[in-house]
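Coordinates from start15.cif are shown below (mmCIF, C-alpha atoms).
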```cif
data_start
loop_
_atom_site.label_atom_id
_atom_site.label_comp_id
_atom_site.auth_asym_id
_atom_site.auth_seq_id
_atom_site.Cartn_x
_atom_site.Cartn_y
_atom_site.Cartn_z
CA MET A 5 0.00 0.00 0.00
CA LYS A 6 2.88 2.24 0.58
CA ALA A 7 3.70 1.82 -3.05
CA VAL A 8 0.31 3.11 -4.03
CA LEU A 9 0.16 5.90 -1.48
CA ILE A 10 3.45 7.54 -2.41
CA PRO A 11 2.62 8.06 -6.10
CA LEU A 12 -0.92 9.05 -5.19
CA THR A 13 0.35 11.62 -2.71
CA VAL A 14 2.73 12.97 -5.27
CA LEU A 15 -0.14 13.26 -7.76
CA LEU A 16 -2.41 14.95 -5.21
CA LEU A 17 0.28 17.40 -4.21
CA ALA A 18 1.02 18.18 -7.83
CA GLY A 19 -2.69 18.68 -8.52
CA CYS A 20 -3.22 20.91 -5.51
CA ALA A 21 -0.25 23.10 -6.28
CA SER A 22 -1.44 26.37 -7.79
CA LYS A 23 0.28 27.85 -10.71
CA ARG A 24 2.07 31.09 -10.09
CA ALA A 25 1.07 33.97 -12.26
CA PRO A 26 4.01 35.52 -14.07
CA SER A 27 5.08 38.75 -12.44
CA VAL A 28 5.02 41.88 -14.63
CA ALA A 29 7.17 44.78 -13.58
CA VAL A 30 5.60 48.10 -14.54
CA ARG A 31 8.15 50.87 -14.96
CA PRO A 32 7.24 54.34 -16.19
CA ARG A 33 8.74 55.17 -19.56
CA ALA A 34 10.09 58.54 -20.51
CA VAL A 35 7.84 59.91 -23.23
CA SER A 36 8.43 63.19 -25.00
CA GLY A 37 6.03 65.91 -24.00
CA THR A 38 5.71 64.76 -20.41
CA THR A 39 6.79 66.53 -17.26
CA LEU A 40 10.51 66.64 -16.56
CA PRO A 41 11.77 65.01 -13.39
CA SER A 42 12.52 67.50 -10.65
CA GLU A 43 16.27 66.80 -10.76
CA GLY A 44 16.43 67.68 -14.49
CA ILE A 45 14.49 70.94 -14.38
CA GLU A 46 17.51 73.10 -13.52
CA SER A 47 19.22 71.91 -16.70
CA VAL A 48 16.42 73.53 -18.74
CA ARG A 49 14.99 76.39 -16.67
CA TYR A 50 16.05 78.13 -13.49
CA ALA A 51 13.41 78.43 -10.81
CA GLU A 52 12.52 81.70 -9.13
CA ASN A 53 14.23 82.72 -5.91
CA ILE A 54 12.11 83.98 -3.06
CA LYS A 55 13.35 85.62 0.13
CA ALA A 56 11.41 85.96 3.36
CA TYR A 57 11.68 89.16 5.40
CA PRO A 58 10.29 88.95 8.96
CA LEU A 59 8.94 92.30 10.16
CA ALA A 60 8.22 93.39 13.71
CA ARG A 61 5.30 95.59 14.66
CA TYR A 62 5.34 98.95 12.93
CA VAL A 63 3.19 102.02 12.37
CA ASP A 64 1.83 102.46 8.87
CA PRO A 65 3.75 105.30 7.20
CA ASN A 66 0.64 106.43 5.28
CA ASN A 67 -1.69 106.46 8.26
CA ARG A 68 -0.28 107.10 11.74
CA ARG A 69 -3.41 105.66 13.32
CA LEU A 70 -2.69 102.14 12.00
CA MET A 71 -0.26 99.63 13.42
CA HIS A 72 0.75 96.45 11.63
CA GLU A 73 1.31 93.30 13.65
CA ALA A 74 4.52 91.33 13.16
CA HIS A 75 4.45 89.26 10.01
CA THR A 76 6.64 87.96 7.20
CA ILE A 77 6.94 89.48 3.74
CA TYR A 78 7.96 87.28 0.82
CA ARG A 79 9.68 88.89 -2.13
CA VAL A 80 10.60 87.36 -5.49
CA VAL A 81 14.31 88.08 -5.92
CA THR A 82 14.80 86.50 -9.35
CA THR A 83 12.12 85.39 -11.75
CA PRO A 84 12.25 82.05 -13.57
CA ARG A 85 14.32 82.08 -16.74
CA TRP A 86 15.62 79.65 -19.32
CA ASN A 87 18.98 77.97 -18.84
CA LEU A 88 20.93 78.88 -21.95
CA HIS A 89 24.07 76.89 -21.05
CA SER A 90 24.30 74.23 -23.74
CA ASN A 91 26.55 71.88 -21.74
CA GLN A 92 23.71 71.03 -19.35
CA LEU A 93 21.09 70.24 -21.98
CA ALA A 94 22.27 66.62 -22.30
CA ALA A 95 20.46 65.80 -19.04
CA VAL A 96 17.08 66.33 -20.70
CA GLN A 97 15.63 63.22 -22.29
CA ARG A 98 14.60 63.90 -25.81
CA GLY A 99 11.60 62.34 -27.46
CA PRO A 100 11.58 60.39 -30.68
CA ALA A 101 13.09 62.09 -33.68
CA THR A 102 10.65 63.95 -35.86
CA ARG A 103 10.85 64.89 -39.50
CA THR A 104 13.95 66.91 -40.23
CA SER A 105 13.71 69.60 -42.83
CA ASN A 106 16.24 70.21 -45.54
CA THR A 107 17.03 73.85 -44.95
CA VAL A 108 19.13 74.10 -48.09
CA SER A 109 16.25 73.29 -50.41
CA GLU A 110 13.68 75.21 -48.36
CA THR A 111 15.74 78.39 -48.18
CA ALA A 112 16.82 78.30 -51.83
CA PRO A 113 13.88 80.45 -53.02
CA ALA A 114 14.58 82.92 -50.25
CA ARG A 115 18.25 82.97 -51.24
CA ASP A 116 17.32 83.54 -54.89
CA GLU A 117 14.97 86.35 -53.89
CA LEU A 118 17.74 87.82 -51.76
CA ILE A 119 20.18 87.71 -54.68
CA VAL A 120 17.63 89.36 -56.97
CA GLU A 121 16.99 92.06 -54.39
CA LEU A 122 20.73 92.62 -53.86
CA ASN A 123 21.26 92.96 -57.61
CA ARG A 124 18.37 95.42 -57.81
CA GLN A 125 19.87 97.42 -54.96
CA LYS A 126 23.28 97.42 -56.66
CA GLU A 127 21.73 98.75 -59.88
CA ALA A 128 19.85 101.41 -57.93
CA THR A 129 23.08 102.39 -56.15
CA LYS A 130 24.93 102.62 -59.47
CA ALA A 131 22.14 104.80 -60.89
CA VAL A 132 22.29 107.08 -57.84
CA ILE A 133 26.09 107.34 -58.10
CA GLN A 134 25.91 108.11 -61.82
CA GLY A 135 23.18 110.67 -61.16
CA SER A 136 25.25 112.36 -58.46
CA GLN A 137 28.28 112.44 -60.77
CA THR A 138 26.15 114.00 -63.52
CA VAL A 139 24.78 116.56 -61.08
CA SER A 140 28.34 117.35 -59.92
CA GLN A 141 29.48 117.86 -63.51
CA LYS A 142 26.48 120.09 -64.24
CA LEU A 143 27.18 122.11 -61.10
CA GLU A 144 30.81 122.56 -62.15
CA GLN A 145 29.69 123.67 -65.62
CA LEU A 146 27.14 125.99 -64.09
CA GLY A 147 29.82 127.47 -61.81
CA GLU A 148 32.07 128.04 -64.82
CA SER A 149 29.15 129.61 -66.71
CA VAL A 150 28.43 131.89 -63.77
CA GLN A 151 32.08 132.98 -63.73
CA GLN A 152 31.99 133.62 -67.48
CA THR A 153 28.73 135.55 -67.11
CA LYS A 154 30.27 137.68 -64.37
CA GLN A 155 33.28 138.38 -66.62
CA VAL A 156 31.01 139.25 -69.55
CA ALA A 157 28.96 141.54 -67.29
CA ALA A 158 32.15 143.28 -66.09
CA ASP A 159 33.30 143.65 -69.72
CA ASN A 160 29.87 145.04 -70.66
CA VAL A 161 30.10 147.63 -67.87
CA ILE A 162 33.54 148.73 -69.15
CA LEU A 163 32.29 148.85 -72.75
CA ARG A 164 29.22 150.82 -71.68
CA ARG A 165 31.43 153.38 -69.94
CA GLU A 166 33.67 153.65 -73.00
CA VAL A 167 30.62 154.05 -75.27
CA ASP A 168 29.23 156.73 -72.93
CA ALA A 169 32.59 158.52 -72.88
CA THR A 170 32.82 158.31 -76.70
CA GLN A 171 29.26 159.61 -77.02
CA GLN A 172 30.08 162.55 -74.75
CA ARG A 173 33.19 163.37 -76.84
CA LEU A 174 31.15 163.16 -80.03
CA ASN A 175 28.52 165.44 -78.53
CA ALA A 176 31.22 167.86 -77.42
CA LEU A 177 32.83 167.82 -80.88
CA GLU A 178 29.47 168.39 -82.59
CA GLY A 179 28.77 171.27 -80.25
CA GLU A 180 32.20 172.75 -80.98
CA LEU A 181 31.63 172.30 -84.71
CA ARG A 182 28.27 174.09 -84.53
CA ARG A 183 29.79 176.96 -82.60
CA GLN A 184 32.53 177.29 -85.15
CA LYS A 185 29.98 177.31 -87.98
CA GLN A 186 27.92 179.93 -86.26
CA SER A 187 30.90 182.13 -85.47
CA ARG A 188 32.20 182.12 -89.10
CA PRO A 189 30.28 184.25 -91.53
CA SER A 190 29.12 182.35 -94.51
CA SER A 191 30.48 183.70 -97.83
CA PRO A 192 28.29 183.56 -100.97
CA ALA A 193 31.18 182.47 -103.11
CA GLU A 194 31.60 179.26 -101.25
CA ASP A 195 29.47 176.57 -102.55
CA PRO A 196 29.51 173.39 -100.60
CA SER A 197 29.49 171.34 -103.77
CA GLU A 198 32.71 172.99 -104.96
CA LYS A 199 34.70 172.12 -101.88
CA SER A 200 37.89 170.33 -102.60
CA ASP A 201 39.10 167.39 -100.66
CA TRP A 202 42.17 167.95 -98.69
#
```
Turn this file's structure into structure tokens for me.
Amino acid sequence: MKAVLIPLTVLLLAGCASKRAPSVAVRPRAVSGTTLPSEGIESVRYAENIKAYPLARYVDPNNRRLMHEAHTIYRVVTTPRWNLHSNQLAAVQRGPATRTSNTVSETAPARDELIVELNRQKEATKAVIQGSQTVSQKLEQLGESVQQTKQVAADNVILRREVDATQQRLNALEGELRRQKQSRPSSPAEDPSEKSDW
């Protein structure tokens, strides 16, 4: 009977033994777009700094009838700001890679437009320079013309004076000639047509 009981006991024990469920370890995965762990925040953004100032009782400076009880004032010393030090950015877990853009092909139209605009600006600059050179030449010619006009005007003044002086001499000579004719008696024998040339 012992021979029957031992295998039967082994079978009963094997049948009564419950199967263990496989253990599953659940660990949180780092997914892009989730909250950063608190130890990695400083590598991306600095937190604000706050200082506490304990105050004793005091009289309100705006109203002497009021007294403030002792309390603490909290003041923000520095506001939060981004950490721009690139050597610490490696601590931040990055998410899966997204589509990368080919900046060379995407900026080519902008580069072509820039080249066209630069060429247009160069042509406009050349036109302005040529225009200013033309204006400078015209101003020089105008200055020379003004000098020539001043010289001609001075010459005209001199000529006018000489003409006036000559006219006065002619008038004086004609007056002298008339006086001489009037002072000489006219003789009937003299005929003006018979005058001989000297």
Next on the checklist: Here's the selection I'm unsure about, the PyMOL selection byres ((chain A and resi 87) around 7); applied to the file above, which residues does it give, as number ranges by chain?
Outcome noted: A: 47-50, 85-86, 88-89
Checklist entry - Quick one, how far is CA of Ser90 (chain A) from CA of Pro32 (chain A)? => result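 Interatomic distance, CA of Ser90 (chain A) to CA of Pro32 (chain A): 27.3 Å.
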Checklist entry - Residues picked by the PyMOL selection byres ((chain A and resi 55-59) around 12) here, as an NGL selection string? => result :A and (52-54 or 60-63 or 72-83)
Checklist entry - In Å to one decimal, how far is CA of Gln155 (chain A) from CA of Asp168 (chain A)? => result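 Distance between the two atoms: 19.8 Å.
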Take every atom of region 48-65 of chain A listed in the file, fit an axis-aligned box around them, add 5 Å per side, and give the centre and edge lengths in Å to one decimal as lines of an AutoDock Vina configuration file.
```
center_x = 9.1
center_y = 89.4
center_z = -2.0
size_x = 24.6
size_y = 41.8
size_z = 43.4
```
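We find CA of Ala158 (chain A) and CA of Ala176 (chain A) to be spaced 27.1 Å apart.
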